[in-house]
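Asker: Structure: protein.txt, compact mmCIF, C-alpha atoms.
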```
# COMPACT_ATOMS: atom_id res chain seq x y z
CA MET A 23 -29.08 205.65 14.23
CA SER A 24 -27.14 208.85 14.92
CA ALA A 25 -26.33 211.24 12.13
CA LEU A 26 -23.36 210.40 9.97
CA VAL A 27 -20.30 212.57 10.55
CA GLU A 28 -17.93 213.20 7.67
CA ILE A 29 -14.28 212.25 7.77
CA PRO A 30 -13.21 214.74 5.11
CA ALA A 31 -11.06 213.56 2.24
CA ARG A 32 -7.35 213.61 3.19
CA ARG A 33 -8.15 214.82 6.72
CA GLY A 34 -8.50 213.52 10.26
CA ARG A 35 -11.36 213.57 12.74
CA ALA A 36 -11.68 212.34 16.32
CA ALA A 37 -14.58 211.76 18.70
CA ARG A 38 -15.29 210.67 22.25
CA VAL A 39 -17.22 207.41 22.65
CA ALA A 40 -18.70 206.10 25.89
CA ALA A 41 -18.30 202.46 26.88
CA GLY A 42 -21.09 200.33 25.41
CA ARG A 43 -21.83 202.65 22.49
CA HIS A 44 -21.20 201.55 18.92
CA VAL A 45 -19.18 203.20 16.19
CA ARG A 46 -20.21 202.59 12.58
CA VAL A 47 -17.51 203.39 10.05
CA VAL A 48 -18.84 203.70 6.52
CA ASN A 49 -16.78 203.22 3.38
CA THR A 50 -18.97 205.73 1.56
CA HIS A 51 -17.43 205.32 -1.89
CA GLY A 52 -16.09 201.80 -1.33
CA THR A 53 -12.54 202.82 -2.15
CA GLN A 54 -11.31 204.78 0.84
CA VAL A 55 -8.96 203.48 3.50
CA ILE A 56 -9.71 204.91 6.95
CA ASP A 57 -6.73 204.72 9.31
CA THR A 58 -8.09 204.33 12.84
CA TRP A 59 -6.71 204.66 16.36
CA ALA A 60 -8.35 204.45 19.79
CA PHE A 61 -7.17 205.76 23.16
CA ALA A 62 -8.45 205.31 26.70
CA ALA A 63 -10.39 208.46 27.61
CA ARG A 64 -8.91 208.61 31.10
CA ASP A 65 -5.30 208.33 29.93
CA PRO A 66 -4.44 208.55 26.22
CA SER A 67 -1.04 206.93 26.78
CA GLU A 68 -3.16 203.76 26.87
CA TRP A 69 -3.94 203.03 23.22
CA MET A 70 -5.26 200.31 20.97
CA SER A 71 -2.28 198.08 20.19
CA MET A 72 -2.06 196.12 16.96
CA GLU A 73 0.72 193.93 18.38
CA ALA A 74 -1.13 193.12 21.62
CA SER A 75 -4.39 192.58 19.71
CA ARG A 76 -2.84 190.07 17.31
CA ALA A 77 -1.45 188.26 20.38
CA SER A 78 -4.96 188.22 21.82
CA PHE A 79 -7.09 187.09 18.88
CA LEU A 80 -4.21 185.23 17.15
CA ARG A 81 -4.98 186.38 13.64
CA LEU A 82 -3.31 188.77 11.20
CA ALA A 83 -6.64 190.59 10.87
CA ALA A 84 -9.69 190.59 13.12
CA ALA A 85 -12.76 188.47 12.44
CA VAL A 86 -16.27 189.50 13.52
CA GLY A 87 -16.42 188.96 17.28
CA ASP A 88 -12.74 189.71 17.85
CA THR A 89 -11.73 192.36 20.37
CA PHE A 90 -8.80 194.70 20.03
CA VAL A 91 -6.91 195.40 23.25
CA THR A 92 -4.73 198.24 24.47
CA ASN A 93 -1.05 198.38 25.29
CA ARG A 94 -2.24 197.46 28.81
CA ARG A 95 -4.09 194.43 27.42
CA ARG A 96 -7.56 195.81 28.19
CA PRO A 97 -10.43 195.38 25.70
CA ILE A 98 -11.11 198.59 23.76
CA LEU A 99 -12.99 197.86 20.50
CA THR A 100 -14.89 194.76 19.34
CA LEU A 101 -15.77 194.16 15.69
CA VAL A 102 -19.52 193.47 15.85
CA GLU A 103 -20.56 193.52 12.19
CA ASP A 104 -18.69 193.94 8.92
CA SER A 105 -20.22 194.23 5.47
CA SER A 106 -17.00 195.31 3.78
CA ARG A 107 -15.51 191.92 2.67
CA CYS A 108 -12.20 193.39 3.75
CA ALA A 109 -9.68 192.12 6.26
CA HIS A 110 -8.91 195.45 7.91
CA ASP A 111 -5.14 195.66 7.84
CA THR A 112 -3.19 195.58 11.12
CA LEU A 113 0.30 195.29 9.59
CA ILE A 114 1.20 198.52 7.82
CA ALA A 115 2.28 201.85 9.33
CA PRO A 116 0.14 204.95 8.80
CA CYS A 117 1.59 207.21 6.12
CA ASP A 118 3.73 210.14 7.19
CA PRO A 119 5.73 212.93 5.53
CA GLU A 120 8.88 210.82 5.31
CA ARG A 121 6.96 208.08 3.52
CA TYR A 122 5.90 210.48 0.78
CA GLY A 123 9.45 211.74 0.48
CA LEU A 124 10.56 208.16 -0.22
CA LEU A 125 7.77 207.86 -2.79
CA GLY A 126 9.20 210.84 -4.65
CA VAL A 127 6.92 213.62 -3.46
CA ALA A 128 8.65 217.01 -3.21
CA GLY A 129 7.24 219.26 -0.49
CA TYR A 130 4.43 218.57 1.92
CA HIS A 131 1.87 215.83 1.33
CA ASP A 132 -1.20 215.25 3.49
CA ASN A 133 -0.63 212.20 5.65
CA CYS A 134 -2.32 210.04 8.26
CA ARG A 135 0.17 210.74 11.03
CA ASP A 136 -0.44 214.47 10.94
CA ASN A 137 -4.19 213.85 10.53
CA LEU A 138 -4.18 211.75 13.71
CA HIS A 139 -2.55 214.42 15.81
CA ALA A 140 -4.64 217.22 14.28
CA GLY A 141 -7.86 215.32 14.93
CA LEU A 142 -6.88 214.67 18.54
CA ALA A 143 -5.84 218.28 19.04
CA GLU A 144 -9.38 219.40 18.16
CA LEU A 145 -10.49 217.47 21.26
CA GLY A 146 -7.63 218.80 23.37
CA VAL A 147 -5.91 215.41 23.42
CA SER A 148 -2.21 214.82 22.78
CA VAL A 149 -0.29 211.56 22.71
CA PRO A 150 3.46 211.01 23.08
CA ALA A 151 3.90 208.83 19.98
CA THR A 152 2.11 207.60 16.86
CA PRO A 153 0.81 204.10 17.55
CA PRO A 154 0.43 201.56 14.77
CA SER A 155 -2.95 202.10 13.11
CA LEU A 156 -5.87 199.82 12.32
CA ASN A 157 -6.26 200.39 8.60
CA MET A 158 -9.94 199.94 7.91
CA PHE A 159 -10.91 198.81 4.40
CA MET A 160 -7.22 198.49 3.48
CA ASN A 161 -6.49 195.39 1.45
CA ILE A 162 -3.01 194.07 2.21
CA PRO A 163 -2.98 190.43 1.08
CA TRP A 164 -0.35 187.99 2.31
CA THR A 165 0.95 184.85 0.66
CA PRO A 166 1.58 181.54 2.46
CA ASP A 167 5.29 182.39 2.53
CA GLY A 168 4.61 185.79 4.13
CA GLN A 169 4.91 188.21 1.24
CA LEU A 170 2.71 191.30 1.41
CA ALA A 171 1.33 193.45 -1.38
CA TRP A 172 -0.47 196.78 -1.86
CA GLY A 173 -3.93 195.55 -2.79
CA GLU A 174 -6.67 197.57 -4.43
CA PRO A 175 -9.96 198.27 -2.61
CA VAL A 176 -12.50 195.44 -2.47
CA SER A 177 -15.39 196.96 -0.50
CA ALA A 178 -18.76 197.97 -1.97
CA PRO A 179 -19.84 201.63 -1.72
CA GLY A 180 -21.69 202.16 1.56
CA SER A 181 -20.28 199.08 3.22
CA TYR A 182 -19.39 199.45 6.86
CA ALA A 183 -17.77 197.99 9.94
CA LEU A 184 -19.55 198.28 13.29
CA TRP A 185 -17.51 198.42 16.49
CA ARG A 186 -18.50 198.31 20.15
CA ALA A 187 -16.57 200.53 22.57
CA GLU A 188 -15.37 198.39 25.48
CA MET A 189 -14.26 201.38 27.55
CA ASP A 190 -14.70 205.15 27.47
CA LEU A 191 -12.42 206.08 24.61
CA VAL A 192 -11.31 208.60 22.04
CA ILE A 193 -11.42 207.30 18.47
CA ALA A 194 -9.44 209.00 15.73
CA PHE A 195 -9.78 208.55 11.98
CA SER A 196 -7.82 209.65 8.94
CA ALA A 197 -9.20 209.41 5.42
CA CYS A 198 -5.89 208.20 4.03
CA PRO A 199 -4.45 210.61 1.45
CA GLN A 200 -2.34 207.93 -0.22
CA ASP A 201 -2.61 208.69 -3.94
CA ILE A 202 0.56 207.02 -5.23
CA LEU A 203 0.19 203.40 -4.09
CA PRO A 204 -3.09 201.72 -5.21
CA ILE A 205 -4.61 201.14 -1.77
CA ASN A 206 -7.31 203.75 -2.41
CA GLY A 207 -7.63 202.63 -6.04
CA ARG A 208 -5.42 203.03 -9.08
CA SER A 209 -6.95 206.38 -9.99
CA GLY A 210 -5.29 208.10 -7.03
CA ARG A 211 -8.68 209.54 -6.09
CA THR A 212 -8.97 210.10 -2.34
CA VAL A 213 -12.42 210.76 -0.92
CA GLU A 214 -14.32 211.22 2.31
CA GLY A 215 -15.67 208.55 4.63
CA HIS A 216 -18.27 208.73 7.38
CA PHE A 217 -18.89 207.45 10.88
CA ALA A 218 -21.75 207.44 13.36
CA ILE A 219 -21.87 206.87 17.09
CA GLU A 220 -24.93 204.77 17.86
CA MET B 19 35.21 188.92 16.79
CA SER B 20 34.48 190.87 19.95
CA ALA B 21 33.79 189.11 23.20
CA LEU B 22 30.30 187.76 23.73
CA VAL B 23 28.20 189.68 26.21
CA GLU B 24 25.54 187.84 28.19
CA ILE B 25 21.88 188.74 28.05
CA PRO B 26 21.03 187.17 31.41
CA ALA B 27 18.07 184.82 31.63
CA ARG B 28 14.81 186.77 32.17
CA ARG B 29 16.66 190.11 32.05
CA GLY B 30 17.38 192.99 29.71
CA ARG B 31 20.58 194.49 28.39
CA ALA B 32 21.29 197.43 26.08
CA ALA B 33 24.35 198.67 24.21
CA ARG B 34 25.46 201.50 21.96
CA VAL B 35 26.42 200.55 18.42
CA ALA B 36 28.12 202.85 15.89
CA ALA B 37 26.91 203.01 12.29
CA GLY B 38 28.59 200.33 10.17
CA ARG B 39 29.33 197.97 13.07
CA HIS B 40 27.68 194.57 13.26
CA VAL B 41 25.68 193.00 16.06
CA ARG B 42 25.70 189.22 16.36
CA VAL B 43 22.85 187.81 18.45
CA VAL B 44 23.42 184.24 19.52
CA ASN B 45 20.69 181.80 20.49
CA THR B 46 23.07 180.08 22.89
CA HIS B 47 20.79 177.22 23.90
CA GLY B 48 18.66 177.28 20.75
CA THR B 49 15.46 177.78 22.68
CA GLN B 50 15.50 181.36 23.85
CA VAL B 51 13.49 184.21 22.34
CA ILE B 52 15.33 187.53 22.46
CA ASP B 53 13.00 190.53 22.19
CA THR B 54 14.90 193.31 20.47
CA TRP B 55 14.47 197.05 20.00
CA ALA B 56 16.66 199.72 18.42
CA PHE B 57 16.68 203.50 18.86
CA ALA B 58 18.49 206.32 17.10
CA ALA B 59 21.39 207.37 19.33
CA ARG B 60 20.80 211.06 18.73
CA ASP B 61 17.09 210.94 19.60
CA PRO B 62 15.57 207.80 21.11
CA SER B 63 12.05 208.90 20.16
CA GLU B 64 13.13 207.60 16.74
CA TRP B 65 12.87 203.82 17.00
CA MET B 66 12.85 200.72 14.87
CA SER B 67 9.27 200.31 13.68
CA MET B 68 7.81 196.90 12.89
CA GLU B 69 4.88 198.49 11.02
CA ALA B 70 7.08 200.77 8.89
CA SER B 71 9.57 197.94 8.27
CA ARG B 72 6.88 195.56 7.00
CA ALA B 73 5.72 198.36 4.69
CA SER B 74 9.30 198.69 3.47
CA PHE B 75 10.34 195.09 2.86
CA LEU B 76 6.76 193.85 2.26
CA ARG B 77 7.06 190.67 4.25
CA LEU B 78 5.66 189.43 7.55
CA ALA B 79 9.22 188.62 8.63
CA ALA B 80 12.54 189.84 7.29
CA ALA B 81 14.67 187.84 4.88
CA VAL B 82 18.47 188.08 4.76
CA GLY B 83 19.26 191.40 3.09
CA ASP B 84 16.15 193.16 4.39
CA THR B 85 16.52 196.42 6.29
CA PHE B 86 14.37 197.50 9.21
CA VAL B 87 13.49 201.19 9.28
CA THR B 88 12.52 203.61 12.01
CA ASN B 89 9.28 205.47 12.66
CA ARG B 90 10.90 208.18 10.51
CA ARG B 91 11.47 205.64 7.70
CA ARG B 92 15.27 205.69 8.02
CA PRO B 93 17.28 202.45 7.77
CA ILE B 94 18.43 201.24 11.17
CA LEU B 95 19.28 197.49 11.09
CA THR B 96 19.92 195.13 8.18
CA LEU B 97 19.79 191.34 8.54
CA VAL B 98 23.12 190.27 7.05
CA GLU B 99 23.33 186.59 8.00
CA ASP B 100 21.02 184.19 9.76
CA SER B 101 21.82 180.61 10.77
CA SER B 102 18.74 180.22 12.96
CA ARG B 103 16.18 178.79 10.48
CA CYS B 104 13.71 181.09 12.20
CA ALA B 105 11.51 183.83 10.80
CA HIS B 106 12.09 186.38 13.56
CA ASP B 107 8.61 187.45 14.58
CA THR B 108 7.46 191.03 13.93
CA LEU B 109 3.79 190.54 14.86
CA ILE B 110 3.50 189.93 18.59
CA ALA B 111 3.77 192.42 21.45
CA PRO B 112 6.53 192.06 24.03
CA CYS B 113 5.26 190.52 27.25
CA ASP B 114 4.31 192.81 30.13
CA PRO B 115 2.89 192.51 33.63
CA GLU B 116 -0.72 192.71 32.41
CA ARG B 117 -0.07 189.83 30.01
CA TYR B 118 1.01 187.56 32.84
CA GLY B 119 -2.01 188.60 34.86
CA LEU B 120 -4.21 187.42 32.00
CA LEU B 121 -2.23 184.16 31.90
CA GLY B 122 -3.11 183.54 35.54
CA VAL B 123 0.07 184.66 37.27
CA ALA B 124 -0.53 186.18 40.71
CA GLY B 125 2.01 188.84 41.68
CA TYR B 126 4.96 190.13 39.69
CA HIS B 127 6.43 188.20 36.77
CA ASP B 128 9.60 189.21 34.92
CA ASN B 129 8.64 190.66 31.55
CA CYS B 130 10.17 192.07 28.39
CA ARG B 131 8.63 195.52 28.75
CA ASP B 132 10.25 196.14 32.10
CA ASN B 133 13.48 194.56 30.84
CA LEU B 134 13.57 197.01 27.91
CA HIS B 135 13.25 200.06 30.11
CA ALA B 136 15.67 198.71 32.73
CA GLY B 137 18.27 197.95 30.08
CA LEU B 138 17.95 201.42 28.59
CA ALA B 139 18.11 203.04 32.02
CA GLU B 140 21.56 201.49 32.57
CA LEU B 141 22.70 203.59 29.59
CA GLY B 142 20.86 206.68 30.82
CA VAL B 143 18.29 206.41 28.02
CA SER B 144 14.54 206.73 28.45
CA VAL B 145 11.79 206.44 25.85
CA PRO B 146 8.20 207.71 26.03
CA ALA B 147 6.50 204.44 25.05
CA THR B 148 7.17 200.75 24.46
CA PRO B 149 7.54 200.18 20.72
CA PRO B 150 6.56 196.87 19.14
CA SER B 151 9.52 194.50 19.43
CA LEU B 152 11.43 192.39 16.93
CA ASN B 153 11.17 188.96 18.51
CA MET B 154 14.33 187.18 17.51
CA PHE B 155 14.18 183.37 17.32
CA MET B 156 10.44 183.48 18.08
CA ASN B 157 8.44 181.06 15.97
CA ILE B 158 4.98 182.44 15.26
CA PRO B 159 3.67 180.53 12.24
CA TRP B 160 0.77 181.84 10.15
CA THR B 161 -1.70 179.93 8.02
CA PRO B 162 -2.85 181.00 4.53
CA ASP B 163 -6.06 182.33 6.10
CA GLY B 164 -4.11 184.42 8.63
CA GLN B 165 -4.32 182.39 11.81
CA LEU B 166 -1.34 182.66 14.17
CA ALA B 167 -0.01 180.18 16.71
CA TRP B 168 2.51 180.02 19.56
CA GLY B 169 5.19 177.89 17.95
CA GLU B 170 7.98 176.06 19.74
CA PRO B 171 11.64 177.00 19.15
CA VAL B 172 13.24 175.72 15.94
CA SER B 173 16.80 177.10 16.14
CA ALA B 174 19.90 175.03 16.81
CA PRO B 175 22.02 175.82 19.89
CA GLY B 176 24.60 178.44 18.99
CA SER B 177 22.75 179.66 15.93
CA TYR B 178 22.81 183.39 15.37
CA ALA B 179 21.53 186.35 13.43
CA LEU B 180 23.99 189.03 12.29
CA TRP B 181 22.81 192.61 11.87
CA ARG B 182 24.49 195.72 10.46
CA ALA B 183 23.83 199.03 12.19
CA GLU B 184 22.73 201.56 9.55
CA MET B 185 22.99 204.52 11.97
CA ASP B 186 24.46 205.21 15.39
CA LEU B 187 21.97 203.43 17.60
CA VAL B 188 21.12 201.97 20.95
CA ILE B 189 20.09 198.32 20.81
CA ALA B 190 18.12 196.72 23.63
CA PHE B 191 17.52 193.04 24.30
CA SER B 192 15.35 191.05 26.65
CA ALA B 193 15.83 187.33 27.20
CA CYS B 194 12.09 186.70 27.22
CA PRO B 195 10.88 185.27 30.56
CA GLN B 196 7.78 183.67 29.02
CA ASP B 197 7.46 180.32 30.81
CA ILE B 198 3.76 179.64 30.31
CA LEU B 199 3.30 179.73 26.54
CA PRO B 200 5.65 177.36 24.61
CA ILE B 201 7.63 180.00 22.70
CA ASN B 202 10.77 179.24 24.75
CA GLY B 203 9.98 175.52 24.72
CA ARG B 204 7.39 173.41 26.48
CA SER B 205 9.59 172.92 29.56
CA GLY B 206 9.13 176.56 30.60
CA ARG B 207 12.93 176.82 30.94
CA THR B 208 14.15 180.35 30.25
CA VAL B 209 17.85 180.84 29.70
CA GLU B 210 20.46 183.40 28.74
CA GLY B 211 21.46 184.54 25.27
CA HIS B 212 24.53 186.39 24.05
CA PHE B 213 25.49 189.16 21.68
CA ALA B 214 28.69 190.65 20.30
CA ILE B 215 29.43 193.94 18.61
CA GLU B 216 31.85 193.29 15.77
```
Represent the structure of the file as structure tokens.

Answerer:
Amino acid sequence: MSALVEIPARRGRAARVAAGRHVRVVNTHGTQVIDTWAFAARDPSEWMSMEASRASFLRLAAAVGDTFVTNRRRPILTLVEDSSRCAHDTLIAPCDPERYGLLGVAGYHDNCRDNLHAGLAELGVSVPATPPSLNMFMNIPWTPDGQLAWGEPVSAPGSYALWRAEMDLVIAFSACPQDILPINGRSGRTVEGHFAIE
Amino acid sequence: MSALVEIPARRGRAARVAAGRHVRVVNTHGTQVIDTWAFAARDPSEWMSMEASRASFLRLAAAVGDTFVTNRRRPILTLVEDSSRCAHDTLIAPCDPERYGLLGVAGYHDNCRDNLHAGLAELGVSVPATPPSLNMFMNIPWTPDGQLAWGEPVSAPGSYALWRAEMDLVIAFSACPQDILPINGRSGRTVEGHFAIE
């Protein structure tokens, strides 16, 4: 196994992954949502698409064995193993400065959108928009009549999801700094996560 | 009521709508999915966001009274009335050439992505990506465990949804040319829809 790389609390990090390699994303403390994006290495305007992926695997959230696809319908990441007990959310937008304004925050608040673009910039990558994110370890339950809720974390410390890269790609993570809604726990404590390329 | 404007079968059409006006979208034959997008008139890189809207109204599909928001979390369209009996889908990507390739179509097939950009181009508008669409009259049922399915149409001919513009905006429609999956009916017949600005 490769060394674990930290996704610092409230920050973003990105990495290049070759086709066929695996990415292990570890919920180190069991409470931390990791917003995740993936882009084709050869052209980052091709990105992992939540809406095309749901149309492909026909589920609100991926099951082990399901493959996410890009906005050009090409396979990009397959969920190979998952010890987290969590249906990684595909429905909810990454947080952004405007979101925190609506939640009553005055002034700047760390946010996943800025973390995405900062993480990519460290690799010299820029993208023309903010795609919908795959919200790993984020518990957004639905009811039979389609109501959603901000669930609390349900993963054990150290649990992980293992993904296979289906193309050469850039993966980007944000350790979500949401400390108002309970998605990272009611305490508002936001912490680091880890990943490894294997 | 203003005159009805045709959204031609398998084609796109866009229009400018001032804040406070209403847009009536009519399912003329009762069977036709109308993929819909909306963009801020002053800056079309601000668009109606399915992922931010679900986070706002906390439902898989909007109810009457719910407001869709943009990728900057600003209100853009409110569902004011709905006679269609249909939970307008927010989950599934608009169709595109690659999708039809995967469905076995050889050569070009009309598609909602191209219809979006062609409709906008007639107004001199271009956008840097294809946002997730609001799929009006599209019946995508979910099960309690999160499985999705390609439902058949459930709206009556002439049924409509009425929307209020919450900002000056550009609205774009595509009469979805999907004739392989049953979302426009098992016959594969794709037809026109209509809209009016009131």

Asker: Just want the 9 Å neighbourhood of A:Asp57, counted on only C-alpha atoms, with same-chain residues fewer than 3 positions away dropped. Output as a list in words.

Answerer: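 Residues meeting the cut-off are Pro116, Cys134, Leu138, Ser155, Leu156, Asn157, Met158, Phe159, Met160, Ala194, Phe195, Ser196, Ala197 and Cys198 of chain A.
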
Asker: Would you mind exporting C-alpha atoms of the selected residues as a PDB file, keeping the file's coordinate frame?

Answerer:
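What ended up in result-v9.pdb:
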```
ATOM      1  CA  PRO A 116       0.140 204.950   8.800  1.00  0.00           C
ATOM      2  CA  CYS A 134      -2.320 210.040   8.260  1.00  0.00           C
ATOM      3  CA  LEU A 138      -4.180 211.750  13.710  1.00  0.00           C
ATOM      4  CA  SER A 155      -2.950 202.100  13.110  1.00  0.00           C
ATOM      5  CA  LEU A 156      -5.870 199.820  12.320  1.00  0.00           C
ATOM      6  CA  ASN A 157      -6.260 200.390   8.600  1.00  0.00           C
ATOM      7  CA  MET A 158      -9.940 199.940   7.910  1.00  0.00           C
ATOM      8  CA  PHE A 159     -10.910 198.810   4.400  1.00  0.00           C
ATOM      9  CA  MET A 160      -7.220 198.490   3.480  1.00  0.00           C
ATOM     10  CA  ALA A 194      -9.440 209.000  15.730  1.00  0.00           C
ATOM     11  CA  PHE A 195      -9.780 208.550  11.980  1.00  0.00           C
ATOM     12  CA  SER A 196      -7.820 209.650   8.940  1.00  0.00           C
ATOM     13  CA  ALA A 197      -9.200 209.410   5.420  1.00  0.00           C
ATOM     14  CA  CYS A 198      -5.890 208.200   4.030  1.00  0.00           C
TER      15      CYS A 198
END
```

Asker: Atom CA of A:Ala183 and atom CA of A:Ser71 are how many Å apart?

Answerer: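 It comes out at 18.6 Å.
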
Asker: Would you compute the distance between atom CA of B:Thr96 and atom CA of B:Arg39? Give it in Å to one decimal.

Answerer: 11.0 Å

Asker: Atom CA of B:Ser205 to atom CA of B:Arg29: how many Å, to one decimal?

Answerer: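 Going from atom CA of B:Ser205 over to atom CA of B:Arg29, I get 18.8 Å.
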
Asker: When the cut-off is 8 Å and we count only C-alpha atoms, which residues of chain B are near chain A, given as a PyMOL selection string?

Answerer: chain B and resi 69-70+72-73+76-79+90-91+109-111+116-117+146-147+150+160-162+164-167

Asker: So, counting only C-alpha atoms, which residue among B:Ser102, B:Gln196, B:Thr208, B:Thr54 is closest to B:Pro26?

Answerer: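 The closest residue to B:Pro26 is B:Thr208.
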
Asker: Let me make sure I understand: among B:Gly48, B:Pro93, B:Pro62, B:Gly122, which one has the smallest atom-to-atom distance to B:Ile201 if we use only C-alpha atoms?

Answerer: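 Of all the options, B:Gly48 lies closest to B:Ile201.
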
Asker: If you count only C-alpha atoms, which residues fall within 9 Å of A:Leu142, apart from same-chain ones fewer than 6 positions away, as a list of chain:residue names?

Answerer: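 Residues near the query, excluding close chain neighbours: A:Gly34, A:Arg35, A:Ala36, A:Ala37, A:Ser148, A:Val149, A:Val192, A:Ile193, A:Ala194.
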
Asker: List the spatial neighbours of A:Asp104 as a PDB file with C-alpha atoms, keeping the file's coordinate frame - criterion: any atom at most 12 Å away, all atoms listed in the file, same-chain residues fewer than 3 positions off excluded.

Answerer:
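Output below, filename out24.pdb:
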```
ATOM      1  CA  VAL A  45     -19.180 203.200  16.190  1.00  0.00           C
ATOM      2  CA  ARG A  46     -20.210 202.590  12.580  1.00  0.00           C
ATOM      3  CA  VAL A  47     -17.510 203.390  10.050  1.00  0.00           C
ATOM      4  CA  VAL A  48     -18.840 203.700   6.520  1.00  0.00           C
ATOM      5  CA  ASN A  49     -16.780 203.220   3.380  1.00  0.00           C
ATOM      6  CA  ALA A  84      -9.690 190.590  13.120  1.00  0.00           C
ATOM      7  CA  ALA A  85     -12.760 188.470  12.440  1.00  0.00           C
ATOM      8  CA  VAL A  86     -16.270 189.500  13.520  1.00  0.00           C
ATOM      9  CA  GLY A  87     -16.420 188.960  17.280  1.00  0.00           C
ATOM     10  CA  ASP A  88     -12.740 189.710  17.850  1.00  0.00           C
ATOM     11  CA  THR A 100     -14.890 194.760  19.340  1.00  0.00           C
ATOM     12  CA  LEU A 101     -15.770 194.160  15.690  1.00  0.00           C
ATOM     13  CA  ARG A 107     -15.510 191.920   2.670  1.00  0.00           C
ATOM     14  CA  CYS A 108     -12.200 193.390   3.750  1.00  0.00           C
ATOM     15  CA  ALA A 109      -9.680 192.120   6.260  1.00  0.00           C
ATOM     16  CA  HIS A 110      -8.910 195.450   7.910  1.00  0.00           C
ATOM     17  CA  MET A 158      -9.940 199.940   7.910  1.00  0.00           C
ATOM     18  CA  PHE A 159     -10.910 198.810   4.400  1.00  0.00           C
ATOM     19  CA  SER A 177     -15.390 196.960  -0.500  1.00  0.00           C
ATOM     20  CA  ALA A 178     -18.760 197.970  -1.970  1.00  0.00           C
ATOM     21  CA  GLY A 180     -21.690 202.160   1.560  1.00  0.00           C
ATOM     22  CA  SER A 181     -20.280 199.080   3.220  1.00  0.00           C
ATOM     23  CA  TYR A 182     -19.390 199.450   6.860  1.00  0.00           C
ATOM     24  CA  ALA A 183     -17.770 197.990   9.940  1.00  0.00           C
ATOM     25  CA  LEU A 184     -19.550 198.280  13.290  1.00  0.00           C
ATOM     26  CA  TRP A 185     -17.510 198.420  16.490  1.00  0.00           C
TER      27      TRP A 185
END
```

Asker: Looking at B:Ala136, B:Leu199, B:Ala183, B:Ile52, which one is nearest to B:Tyr118, with distances taken over all atoms listed in the file?

Answerer: B:Leu199
